[in-house]
$ cat final02.cif   # mmCIF, C-alpha atoms
data_entry
#
loop_
_atom_site.group_PDB
_atom_site.id
_atom_site.type_symbol
_atom_site.label_atom_id
_atom_site.label_comp_id
_atom_site.auth_asym_id
_atom_site.auth_seq_id
_atom_site.Cartn_x
_atom_site.Cartn_y
_atom_site.Cartn_z
ATOM 1 C CA MET A 1 317.295 138.690 256.082
ATOM 2 C CA ASN A 2 313.745 139.816 255.597
ATOM 3 C CA ASP A 3 312.439 142.605 257.890
ATOM 4 C CA PHE A 4 309.505 140.380 258.743
ATOM 5 C CA PRO A 5 311.142 137.032 259.534
ATOM 6 C CA PHE A 6 307.859 135.109 259.376
ATOM 7 C CA SER A 7 307.418 135.987 255.710
ATOM 8 C CA LEU A 8 308.140 133.398 253.033
ATOM 9 C CA GLU A 9 308.571 135.982 250.314
ATOM 10 C CA GLN A 10 311.100 134.955 247.644
ATOM 11 C CA LYS A 11 311.188 131.409 248.992
ATOM 12 C CA THR A 12 310.245 128.402 246.904
ATOM 13 C CA ILE A 13 309.039 125.397 248.881
ATOM 14 C CA LEU A 14 308.450 121.869 247.627
ATOM 15 C CA VAL A 15 305.373 120.349 249.298
ATOM 16 C CA THR A 16 304.650 116.649 248.858
ATOM 17 C CA GLY A 17 301.179 115.281 249.476
ATOM 18 C CA ALA A 18 299.825 118.704 248.557
ATOM 19 C CA SER A 19 296.558 117.273 247.254
ATOM 20 C CA SER A 20 294.965 116.782 250.672
ATOM 21 C CA GLY A 21 295.140 117.132 254.436
ATOM 22 C CA ILE A 22 298.158 118.755 256.052
ATOM 23 C CA GLY A 23 300.005 119.072 252.717
ATOM 24 C CA ARG A 24 297.149 121.006 251.153
ATOM 25 C CA ALA A 25 296.760 123.288 254.185
ATOM 26 C CA THR A 26 300.518 123.905 254.174
ATOM 27 C CA ALA A 27 300.633 124.830 250.493
ATOM 28 C CA ILE A 28 297.807 127.315 251.072
ATOM 29 C CA ALA A 29 299.448 128.762 254.193
ATOM 30 C CA ILE A 30 302.788 129.223 252.382
ATOM 31 C CA SER A 31 301.066 131.149 249.599
ATOM 32 C CA ARG A 32 299.399 133.456 252.163
ATOM 33 C CA LEU A 33 302.904 134.305 253.432
ATOM 34 C CA LYS A 34 303.928 135.134 249.852
ATOM 35 C CA GLY A 35 305.986 131.993 249.263
ATOM 36 C CA ASN A 36 306.068 130.061 245.993
ATOM 37 C CA VAL A 37 305.058 126.414 246.124
ATOM 38 C CA ILE A 38 305.958 123.378 244.046
ATOM 39 C CA LEU A 39 303.047 121.057 244.715
ATOM 40 C CA THR A 40 303.380 117.329 244.266
ATOM 41 C CA GLY A 41 300.804 114.592 244.673
ATOM 42 C CA ARG A 42 299.182 111.780 242.750
ATOM 43 C CA SER A 43 296.094 113.511 241.419
ATOM 44 C CA GLU A 44 296.433 116.487 239.091
ATOM 45 C CA LYS A 45 292.778 117.314 239.688
ATOM 46 C CA ARG A 46 293.181 117.505 243.451
ATOM 47 C CA LEU A 47 296.464 119.424 243.154
ATOM 48 C CA ASN A 48 294.594 121.971 241.052
ATOM 49 C CA GLU A 49 291.909 122.166 243.740
ATOM 50 C CA THR A 50 294.667 123.092 246.194
ATOM 51 C CA LEU A 51 296.136 125.602 243.746
ATOM 52 C CA ASN A 52 292.731 127.251 243.365
ATOM 53 C CA GLN A 53 292.618 127.932 247.105
ATOM 54 C CA MET A 54 296.099 129.470 247.155
ATOM 55 C CA ASP A 55 297.118 133.115 246.837
ATOM 56 C CA LYS A 56 298.738 133.867 243.498
ATOM 57 C CA GLY A 57 302.444 133.200 243.106
ATOM 58 C CA GLU A 58 304.958 131.395 240.965
ATOM 59 C CA HIS A 59 303.550 128.001 241.813
ATOM 60 C CA GLN A 60 304.195 124.752 239.953
ATOM 61 C CA ILE A 61 302.488 121.371 239.919
ATOM 62 C CA ILE A 62 304.379 118.087 239.598
ATOM 63 C CA CYS A 63 302.209 114.972 239.389
ATOM 64 C CA ALA A 64 304.108 112.166 241.088
ATOM 65 C CA ASP A 65 303.166 108.820 242.570
ATOM 66 C CA PHE A 66 305.371 107.869 245.522
ATOM 67 C CA SER A 67 304.851 104.167 244.873
ATOM 68 C CA SER A 68 306.374 104.389 241.371
ATOM 69 C CA ASN A 69 310.064 103.669 240.856
ATOM 70 C CA ASN A 70 311.095 106.823 239.016
ATOM 71 C CA VAL A 71 309.482 109.268 241.430
ATOM 72 C CA LEU A 72 312.841 110.684 242.614
ATOM 73 C CA ASN A 73 314.106 111.394 239.094
ATOM 74 C CA LEU A 74 310.764 112.754 238.029
ATOM 75 C CA ILE A 75 310.655 115.313 240.828
ATOM 76 C CA CYS A 76 314.345 116.280 240.613
ATOM 77 C CA GLN A 77 314.166 116.784 236.855
ATOM 78 C CA SER A 78 310.967 118.819 237.060
ATOM 79 C CA ILE A 79 312.512 121.404 239.381
ATOM 80 C CA SER A 80 314.297 124.146 237.470
ATOM 81 C CA GLY A 81 315.822 126.471 240.075
ATOM 82 C CA LYS A 82 317.027 126.069 243.624
ATOM 83 C CA ILE A 83 314.461 125.614 246.345
ATOM 84 C CA ASN A 84 314.468 127.022 249.879
ATOM 85 C CA GLY A 85 312.599 124.303 251.672
ATOM 86 C CA ILE A 86 310.785 120.980 251.555
ATOM 87 C CA VAL A 87 307.677 119.850 253.391
ATOM 88 C CA HIS A 88 307.341 116.086 253.334
ATOM 89 C CA SER A 89 303.658 115.622 253.900
ATOM 90 C CA ALA A 90 302.825 112.605 251.715
ATOM 91 C CA GLY A 91 302.057 109.619 253.893
ATOM 92 C CA ILE A 92 299.763 106.683 254.429
ATOM 93 C CA LEU A 93 298.303 104.939 257.456
ATOM 94 C CA LYS A 94 297.204 101.373 257.931
ATOM 95 C CA THR A 95 296.094 100.043 261.284
ATOM 96 C CA LEU A 96 296.906 96.411 261.860
ATOM 97 C CA PRO A 97 297.387 94.532 265.114
ATOM 98 C CA PHE A 98 301.036 93.519 265.530
ATOM 99 C CA LYS A 99 300.073 89.839 265.437
ATOM 100 C CA PHE A 100 298.675 90.347 261.917
ATOM 101 C CA SER A 101 301.561 92.462 260.607
ATOM 102 C CA ASN A 102 302.936 91.293 257.296
ATOM 103 C CA ILE A 103 305.831 92.085 255.003
ATOM 104 C CA ASP A 104 303.668 93.707 252.299
ATOM 105 C CA VAL A 105 302.195 96.336 254.598
ATOM 106 C CA LEU A 106 305.573 96.814 256.288
ATOM 107 C CA ARG A 107 307.275 97.516 252.955
ATOM 108 C CA GLU A 108 304.463 99.729 251.673
ATOM 109 C CA LEU A 109 304.377 101.977 254.733
ATOM 110 C CA MET A 110 308.149 102.158 255.127
ATOM 111 C CA LYS A 111 308.471 103.072 251.459
ATOM 112 C CA ILE A 112 305.880 105.839 251.324
ATOM 113 C CA ASN A 113 306.373 107.237 254.827
ATOM 114 C CA PHE A 114 310.131 106.932 255.197
ATOM 115 C CA GLU A 115 312.156 105.752 252.180
ATOM 116 C CA VAL A 116 310.828 108.125 249.549
ATOM 117 C CA PRO A 117 310.893 111.304 251.690
ATOM 118 C CA PHE A 118 314.370 110.369 252.944
ATOM 119 C CA LEU A 119 315.726 109.627 249.471
ATOM 120 C CA LEU A 120 313.982 112.604 247.904
ATOM 121 C CA SER A 121 315.778 114.934 250.323
ATOM 122 C CA GLN A 122 319.047 113.158 249.508
ATOM 123 C CA SER A 123 318.513 113.366 245.736
ATOM 124 C CA LEU A 124 317.626 117.046 245.816
ATOM 125 C CA LEU A 125 320.642 117.786 247.962
ATOM 126 C CA LYS A 126 323.000 115.824 245.732
ATOM 127 C CA SER A 127 321.537 117.548 242.656
ATOM 128 C CA LYS A 128 322.411 120.857 244.371
ATOM 129 C CA LEU A 129 318.786 121.924 244.238
ATOM 130 C CA ILE A 130 318.563 122.881 247.910
ATOM 131 C CA SER A 131 319.903 126.361 248.726
ATOM 132 C CA ASN A 132 321.942 127.057 251.798
ATOM 133 C CA GLU A 133 319.783 128.265 254.713
ATOM 134 C CA SER A 134 316.908 126.086 253.548
ATOM 135 C CA SER A 135 314.483 124.366 255.895
ATOM 136 C CA ILE A 136 313.398 120.738 255.520
ATOM 137 C CA VAL A 137 310.298 119.685 257.430
ATOM 138 C CA PHE A 138 309.060 116.130 257.746
ATOM 139 C CA VAL A 139 305.464 115.570 258.793
ATOM 140 C CA SER A 140 305.961 112.796 261.301
ATOM 141 C CA SER A 141 303.565 111.743 264.028
ATOM 142 C CA LEU A 142 303.145 111.631 267.769
ATOM 143 C CA SER A 143 303.469 107.874 267.340
ATOM 144 C CA GLY A 144 307.027 108.366 266.074
ATOM 145 C CA SER A 145 307.848 110.033 269.396
ATOM 146 C CA GLY A 146 306.561 107.292 271.618
ATOM 147 C CA LYS A 147 302.924 108.273 272.204
ATOM 148 C CA ILE A 148 301.160 105.405 270.533
ATOM 149 C CA ALA A 149 297.860 103.615 270.057
ATOM 150 C CA PRO A 150 297.171 99.929 269.412
ATOM 151 C CA GLY A 151 297.350 98.732 265.808
ATOM 152 C CA ILE A 152 299.991 101.123 264.474
ATOM 153 C CA SER A 153 303.256 99.269 265.051
ATOM 154 C CA ILE A 154 304.298 99.641 261.406
ATOM 155 C CA TYR A 155 303.138 103.233 261.030
ATOM 156 C CA ALA A 156 304.906 104.209 264.257
ATOM 157 C CA ALA A 157 308.090 102.525 263.026
ATOM 158 C CA SER A 158 308.027 104.515 259.780
ATOM 159 C CA LYS A 159 307.595 107.779 261.695
ATOM 160 C CA GLY A 160 310.182 106.784 264.296
ATOM 161 C CA ALA A 161 312.646 106.261 261.452
ATOM 162 C CA ILE A 162 311.995 109.819 260.302
ATOM 163 C CA ASN A 163 312.412 111.256 263.771
ATOM 164 C CA ALA A 164 315.744 109.534 264.268
ATOM 165 C CA SER A 165 317.195 110.402 260.862
ATOM 166 C CA VAL A 166 316.119 114.056 261.087
ATOM 167 C CA LYS A 167 318.663 114.572 263.854
ATOM 168 C CA VAL A 168 321.522 113.137 261.824
ATOM 169 C CA MET A 169 320.584 115.137 258.732
ATOM 170 C CA ALA A 170 320.375 118.283 260.870
ATOM 171 C CA LEU A 171 323.847 117.678 262.210
ATOM 172 C CA GLU A 172 325.385 117.016 258.803
ATOM 173 C CA LEU A 173 323.676 119.916 257.045
ATOM 174 C CA ALA A 174 324.285 122.521 259.742
ATOM 175 C CA LYS A 175 327.425 123.705 257.921
ATOM 176 C CA ASN A 176 325.170 124.762 255.044
ATOM 177 C CA LYS A 177 322.738 126.327 257.531
ATOM 178 C CA ILE A 178 320.146 123.911 256.216
ATOM 179 C CA ARG A 179 317.757 123.082 259.030
ATOM 180 C CA VAL A 180 315.956 119.746 259.339
ATOM 181 C CA ASN A 181 313.034 119.188 261.702
ATOM 182 C CA SER A 182 309.988 117.012 262.068
ATOM 183 C CA VAL A 183 306.563 117.946 263.347
ATOM 184 C CA CYS A 184 304.803 115.234 265.324
ATOM 185 C CA PRO A 185 301.087 115.933 265.340
ATOM 186 C CA GLY A 186 298.597 113.948 267.330
ATOM 187 C CA MET A 187 295.191 113.250 265.793
ATOM 188 C CA VAL A 188 294.289 115.767 263.100
ATOM 189 C CA ASN A 189 290.973 115.884 261.272
ATOM 190 C CA THR A 190 292.192 114.670 257.878
ATOM 191 C CA ASN A 191 290.955 111.875 255.633
ATOM 192 C CA LEU A 192 293.952 109.817 256.724
ATOM 193 C CA ASN A 193 292.476 109.649 260.225
ATOM 194 C CA THR A 194 288.750 110.207 259.905
ATOM 195 C CA ASN A 195 288.332 107.851 256.921
ATOM 196 C CA ASN A 196 290.219 105.005 258.573
ATOM 197 C CA PRO A 197 287.801 102.130 257.892
ATOM 198 C CA ASN A 198 288.958 100.276 260.969
ATOM 199 C CA LEU A 199 287.770 102.969 263.340
ATOM 200 C CA THR A 200 284.224 104.194 263.894
ATOM 201 C CA ASN A 201 283.189 107.792 264.482
ATOM 202 C CA GLU A 202 282.256 106.705 268.009
ATOM 203 C CA ASP A 203 285.808 105.427 268.602
ATOM 204 C CA LEU A 204 287.228 108.743 267.408
ATOM 205 C CA LYS A 205 284.836 110.899 269.449
ATOM 206 C CA LYS A 206 285.622 108.908 272.568
ATOM 207 C CA ASP A 207 289.369 109.171 271.964
ATOM 208 C CA GLU A 208 289.114 112.906 271.308
ATOM 209 C CA LYS A 209 287.202 113.502 274.529
ATOM 210 C CA LEU A 210 289.375 111.279 276.728
ATOM 211 C CA THR A 211 292.808 112.075 275.341
ATOM 212 C CA TYR A 212 292.837 115.567 273.822
ATOM 213 C CA PRO A 213 292.268 118.524 276.192
ATOM 214 C CA LEU A 214 292.041 120.863 273.163
ATOM 215 C CA GLY A 215 290.310 118.298 270.934
ATOM 216 C CA TYR A 216 291.700 116.954 267.678
ATOM 217 C CA GLY A 217 293.701 119.341 265.529
ATOM 218 C CA GLU A 218 292.894 120.837 262.155
ATOM 219 C CA PRO A 219 295.282 120.657 259.182
ATOM 220 C CA GLU A 220 295.767 124.448 259.447
ATOM 221 C CA ASP A 221 297.070 124.083 263.007
ATOM 222 C CA VAL A 222 299.928 121.940 261.735
ATOM 223 C CA ALA A 223 300.401 124.027 258.578
ATOM 224 C CA ASN A 224 300.929 127.219 260.586
ATOM 225 C CA TYR A 225 303.650 125.604 262.656
ATOM 226 C CA ILE A 226 305.292 124.310 259.481
ATOM 227 C CA THR A 227 305.355 127.793 257.937
ATOM 228 C CA PHE A 228 307.157 129.013 261.051
ATOM 229 C CA LEU A 229 309.757 126.258 260.587
ATOM 230 C CA LEU A 230 310.148 127.229 256.924
ATOM 231 C CA SER A 231 310.664 130.879 257.760
ATOM 232 C CA ASP A 232 313.785 132.682 258.962
ATOM 233 C CA ALA A 233 311.986 133.244 262.268
ATOM 234 C CA SER A 234 313.015 129.699 263.229
ATOM 235 C CA LYS A 235 316.622 129.979 262.078
ATOM 236 C CA TRP A 236 317.928 128.599 265.386
ATOM 237 C CA VAL A 237 315.670 125.509 265.349
ATOM 238 C CA THR A 238 317.117 122.304 263.928
ATOM 239 C CA GLY A 239 317.133 118.574 264.666
ATOM 240 C CA ALA A 240 313.902 118.852 266.611
ATOM 241 C CA ASN A 241 310.956 116.459 266.710
ATOM 242 C CA ILE A 242 308.281 118.976 267.552
ATOM 243 C CA ILE A 243 305.230 117.628 269.313
ATOM 244 C CA MET A 244 301.885 119.307 268.729
ATOM 245 C CA ASP A 245 298.977 117.446 270.178
ATOM 246 C CA GLY A 246 296.332 119.669 271.756
ATOM 247 C CA GLY A 247 297.704 118.633 275.125
ATOM 248 C CA ALA A 248 297.374 114.871 274.620
ATOM 249 C CA THR A 249 300.754 114.150 276.184
ATOM 250 C CA ILE A 250 300.240 116.351 279.248
ATOM 251 C CA HIS A 251 298.860 113.379 281.164
ATOM 252 C CA MET B 1 283.851 79.352 254.476
ATOM 253 C CA THR B 2 281.507 77.459 256.717
ATOM 254 C CA GLU B 3 279.728 79.018 259.648
ATOM 255 C CA ASN B 4 281.571 76.677 261.981
ATOM 256 C CA TYR B 5 284.979 77.494 260.589
ATOM 257 C CA PHE B 6 284.303 81.225 260.923
ATOM 258 C CA PHE B 7 283.120 80.725 264.499
ATOM 259 C CA GLU B 8 286.254 78.719 265.289
ATOM 260 C CA LYS B 9 288.522 81.432 263.841
ATOM 261 C CA PHE B 10 286.617 84.140 265.699
ATOM 262 C CA LEU B 11 287.064 82.390 269.056
ATOM 263 C CA GLU B 12 290.718 81.633 268.297
ATOM 264 C CA GLN B 13 291.480 85.334 268.654
ATOM 265 C CA PHE B 14 290.622 85.303 272.342
ATOM 266 C CA GLU B 15 293.305 84.136 274.681
ATOM 267 C CA GLU B 16 292.149 84.623 278.232
ATOM 268 C CA SER B 17 288.382 84.279 278.300
ATOM 269 C CA ASP B 18 286.232 81.337 279.292
ATOM 270 C CA LEU B 19 284.525 80.571 275.987
ATOM 271 C CA SER B 20 282.754 77.372 277.015
ATOM 272 C CA GLN B 21 279.309 79.018 277.083
ATOM 273 C CA ILE B 22 279.820 81.053 273.888
ATOM 274 C CA THR B 23 277.840 80.087 270.787
ATOM 275 C CA ILE B 24 277.673 81.765 267.408
ATOM 276 C CA ASP B 25 274.547 83.553 268.636
ATOM 277 C CA SER B 26 276.267 84.987 271.684
ATOM 278 C CA GLU B 27 276.849 88.711 271.953
ATOM 279 C CA PHE B 28 280.572 89.089 271.393
ATOM 280 C CA ARG B 29 280.752 92.187 273.597
ATOM 281 C CA SER B 30 279.820 89.971 276.531
ATOM 282 C CA ILE B 31 283.165 88.177 276.188
ATOM 283 C CA GLU B 32 285.295 89.553 278.984
ATOM 284 C CA GLU B 33 288.296 90.170 276.773
ATOM 285 C CA TRP B 34 286.369 92.216 274.197
ATOM 286 C CA SER B 35 287.839 95.678 273.523
ATOM 287 C CA SER B 36 288.340 98.108 270.680
ATOM 288 C CA MET B 37 291.653 96.320 270.063
ATOM 289 C CA MET B 38 289.732 93.063 269.573
ATOM 290 C CA ALA B 39 287.705 94.806 266.866
ATOM 291 C CA LEU B 40 290.981 95.527 265.020
ATOM 292 C CA VAL B 41 292.017 91.914 265.517
ATOM 293 C CA ILE B 42 288.757 90.572 264.072
ATOM 294 C CA ILE B 43 289.022 92.938 261.075
ATOM 295 C CA ALA B 44 292.606 91.762 260.431
ATOM 296 C CA MET B 45 291.668 88.088 260.909
ATOM 297 C CA VAL B 46 288.811 88.362 258.387
ATOM 298 C CA ASP B 47 291.150 90.020 255.882
ATOM 299 C CA GLU B 48 293.954 87.486 256.331
ATOM 300 C CA GLU B 49 291.795 84.372 256.602
ATOM 301 C CA PHE B 50 288.991 85.112 254.134
ATOM 302 C CA GLY B 51 290.366 87.926 251.972
ATOM 303 C CA ILE B 52 287.376 90.091 252.848
ATOM 304 C CA THR B 53 287.449 93.682 254.051
ATOM 305 C CA ILE B 54 285.104 94.589 256.868
ATOM 306 C CA THR B 55 285.102 97.906 258.706
ATOM 307 C CA GLY B 56 284.910 99.163 262.256
ATOM 308 C CA ASP B 57 281.356 100.210 261.433
ATOM 309 C CA ASP B 58 280.415 96.643 260.434
ATOM 310 C CA ILE B 59 281.592 95.478 263.851
ATOM 311 C CA ARG B 60 279.804 98.346 265.600
ATOM 312 C CA LYS B 61 276.497 97.417 263.975
ATOM 313 C CA SER B 62 276.877 93.726 264.826
ATOM 314 C CA VAL B 63 275.669 92.254 268.086
ATOM 315 C CA THR B 64 276.273 88.515 267.823
ATOM 316 C CA ILE B 65 279.106 86.589 266.254
ATOM 317 C CA ARG B 66 276.618 85.422 263.635
ATOM 318 C CA ASP B 67 275.978 89.061 262.657
ATOM 319 C CA VAL B 68 279.668 89.437 261.805
ATOM 320 C CA TYR B 69 279.614 86.108 259.966
ATOM 321 C CA ASN B 70 276.655 87.336 257.907
ATOM 322 C CA VAL B 71 278.526 90.485 256.857
ATOM 323 C CA VAL B 72 281.525 88.421 255.772
ATOM 324 C CA ALA B 73 279.373 85.813 254.014
ATOM 325 C CA ALA B 74 277.420 88.480 252.123
ATOM 326 C CA ARG B 75 280.633 90.145 250.991
ATOM 327 C CA LYS B 76 282.181 86.817 250.047
ATOM 328 C CA THR B 77 279.258 86.055 247.713
ATOM 329 C CA ALA B 78 279.353 89.535 246.255
ATOM 330 C CA VAL B 79 283.005 89.177 245.204
#

$ encode --input "final02.cif" --output "structure tokens"
Amino acid sequence: MNDFPFSLEQKTILVTGASSGIGRATAIAISRLKGNVILTGRSEKRLNETLNQMDKGEHQIICADFSSNNVLNLICQSISGKINGIVHSAGILKTLPFKFSNIDVLRELMKINFEVPFLLSQSLLKSKLISNESSIVFVSSLSGSGKIAPGISIYAASKGAINASVKVMALELAKNKIRVNSVCPGMVNTNLNTNNPNLTNEDLKKDEKLTYPLGYGEPEDVANYITFLLSDASKWVTGANIIMDGGATIH
Amino acid sequence: MTENYFFEKFLEQFEESDLSQITIDSEFRSIEEWSSMMALVIIAMVDEEFGITITGDDIRKSVTIRDVYNVVAARKTAV
């Protein structure tokens, strides 16, 4: 084990959704801790923008669209050596009152937020691309842990599915010392939240003031916690749904 | 989409309020049941019923039900 257990030196981490928000901040944070990153996302241009903000390392870009059918093969075949961790950060949000829920939105959100990250972990494992003592981190949501808001029944379900399955994966993979956790952030200032066309800036400001003692989070706040979970410093942490919410659930 | 049909669909979303005095020129925020959740409901109704996307900001800038109708009608023509 490394003398400095928080270091990610000699670790290669796959980060999905690395082109924006929490995924981008995580890729950058990993590079600062000397880790190597395999960045995936839809837009090569935006992945390169992330890469340009990272410290130098043996980084790799894989352009992949989670809504396409061959995304699992594409990613598995593009990875040459074993990896030491995965950060599942790709995700989408759509707010819709329960009464107006429909099968198309249900399938879309479940696919991008749950099915693909779940199956990607499975495929990589089966392809023997995940080293023993790896760390798998799912970016879930406070809403997957029961702290919810109106209009997100489908989104919350997709994150709840992650939170439940993380525990089973953690149990099954413990013999390989592979750890599986989810982080459950409350509102973070990312495009996913601040560009939600259904909410106004006034709505968000009011919510921030009323609900968040420390205000909304920044992508870096979540990224730093994720790097801890990727590092050997957290080698005793597995099967956890870790809430980070600026105090929103104190009340 | 007629004005009347839109008005009818708009009112249909309310379940507990006395709507007898409400006209298309009424301020929708004066309806007792109005809330930020109702804004989400109206946005979803407009999408499902008319295939038009309106935003939280469109609702914020509107005062009367007719204001919302005008946003939808303008977008419907533009499509």

$ resolve_selection --input "final02.cif" --expression "the PyMOL selection byres ((chain B) within 9 of (chain A))" --output "PyMOL selection string"
chain B and resi 36-41+43-45+48+54-57+60

$ atom_distance --input "final02.cif" --atom1 "CA of Glu8 (chain B)" --atom2 "CA of Leu93 (chain A)"
29.9 Å

$ resolve_selection --input "final02.cif" --expression "the PyMOL selection byres ((chain A and resi 236) around 12)" --output "list in words"
Glu133, Ser135, Ala170, Ala174, Lys177, Ile178, Arg179, Val180, Asn181, Phe228, Leu229, Leu230, Ser231, Asp232, Ala233, Ser234, Lys235, Val237, Thr238, Gly239 and Ala240 of chain A

$ resolve_selection --input "final02.cif" --expression "the PyMOL selection byres ((chain B and resi 65) around 10)" --output "ChimeraX atom specification"
/B:6-7,10-11,22-29,59,62-64,66-70

$ write_last_selection --input "final02.cif" --atoms "C-alpha atoms" --output "PDB file, in the coordinates of the input"
ATOM      1  CA  PHE B   6     284.303  81.225 260.923  1.00  0.00           C
ATOM      2  CA  PHE B   7     283.120  80.725 264.499  1.00  0.00           C
ATOM      3  CA  PHE B  10     286.617  84.140 265.699  1.00  0.00           C
ATOM      4  CA  LEU B  11     287.064  82.390 269.056  1.00  0.00           C
ATOM      5  CA  ILE B  22     279.820  81.053 273.888  1.00  0.00           C
ATOM      6  CA  THR B  23     277.840  80.087 270.787  1.00  0.00           C
ATOM      7  CA  ILE B  24     277.673  81.765 267.408  1.00  0.00           C
ATOM      8  CA  ASP B  25     274.547  83.553 268.636  1.00  0.00           C
ATOM      9  CA  SER B  26     276.267  84.987 271.684  1.00  0.00           C
ATOM     10  CA  GLU B  27     276.849  88.711 271.953  1.00  0.00           C
ATOM     11  CA  PHE B  28     280.572  89.089 271.393  1.00  0.00           C
ATOM     12  CA  ARG B  29     280.752  92.187 273.597  1.00  0.00           C
ATOM     13  CA  ILE B  59     281.592  95.478 263.851  1.00  0.00           C
ATOM     14  CA  SER B  62     276.877  93.726 264.826  1.00  0.00           C
ATOM     15  CA  VAL B  63     275.669  92.254 268.086  1.00  0.00           C
ATOM     16  CA  THR B  64     276.273  88.515 267.823  1.00  0.00           C
ATOM     17  CA  ARG B  66     276.618  85.422 263.635  1.00  0.00           C
ATOM     18  CA  ASP B  67     275.978  89.061 262.657  1.00  0.00           C
ATOM     19  CA  VAL B  68     279.668  89.437 261.805  1.00  0.00           C
ATOM     20  CA  TYR B  69     279.614  86.108 259.966  1.00  0.00           C
ATOM     21  CA  ASN B  70     276.655  87.336 257.907  1.00  0.00           C
TER      22      ASN B  70
END

$ residues_near_point --input "final02.cif" --point "(309.7, 106.0, 260.8)" --cutoff "12 Å" --atoms "only C-alpha atoms" --output "NGL selection string"
:A and (91-93 or 106-107 or 109-118 or 138-146 or 152-166 or 182 or 184)

$ atom_distance --input "final02.cif" --atom1 "CA of Gly21 (chain A)" --atom2 "CA of Met187 (chain A)"
12.0 Å

$ closest_residue --input "final02.cif" --among "B:Ser35, B:Leu19, B:Ala74, B:Met1" --to "Thr53 (chain B)" --atoms "only C-alpha atoms"
B:Ala74

$ residues_around --input "final02.cif" --residues "Thr12 (chain A)" --least-positions-apart "2" --cutoff "10 Å" --atoms "all atoms listed in the file" --output "count of residues only"
23

$ residues_around --input "final02.cif" --residues "Tyr212 (chain A)" --least-positions-apart "2" --cutoff "8 Å" --atoms "all atoms listed in the file" --output "MDAnalysis selection string"
chainID A and resid 207:210 214:216 245:248

$ atom_distance --input "final02.cif" --atom1 "CA of Gln53 (chain A)" --atom2 "CA of Ser89 (chain A)"
17.9 Å

$ axis_aligned_box --input "final02.cif" --around "region 7-19 of chain B" --padding-each-side "4 Å" --output "AutoDock Vina command-line options"
--center_x 288.2 --center_y 82.0 --center_z 271.6 --size_x 18.2 --size_y 14.6 --size_z 23.5

$ residues_around --input "final02.cif" --residues "Asp18 (chain B)" --least-positions-apart "6" --cutoff "10 Å" --atoms "all atoms listed in the file" --output "list of chain:residue names"
B:Ile31, B:Glu32, B:Glu33

$ write_last_selection --input "final02.cif" --atoms "C-alpha atoms" --output "PDB file, in the frame of the given file"
ATOM      1  CA  ILE B  31     283.165  88.177 276.188  1.00  0.00           C
ATOM      2  CA  GLU B  32     285.295  89.553 278.984  1.00  0.00           C
ATOM      3  CA  GLU B  33     288.296  90.170 276.773  1.00  0.00           C
TER       4      GLU B  33
END

$ closest_residue --input "final02.cif" --among "A:Thr227, A:Thr194, A:Gly186, A:Asp104" --to "Ile13 (chain A)" --atoms "all atoms listed in the file"
A:Thr227

$ closest_residue --input "final02.cif" --among "A:Gln122, A:Ser127, A:Ser43, A:Ser20" --to "Ile79 (chain A)" --atoms "only C-alpha atoms"
A:Ser127
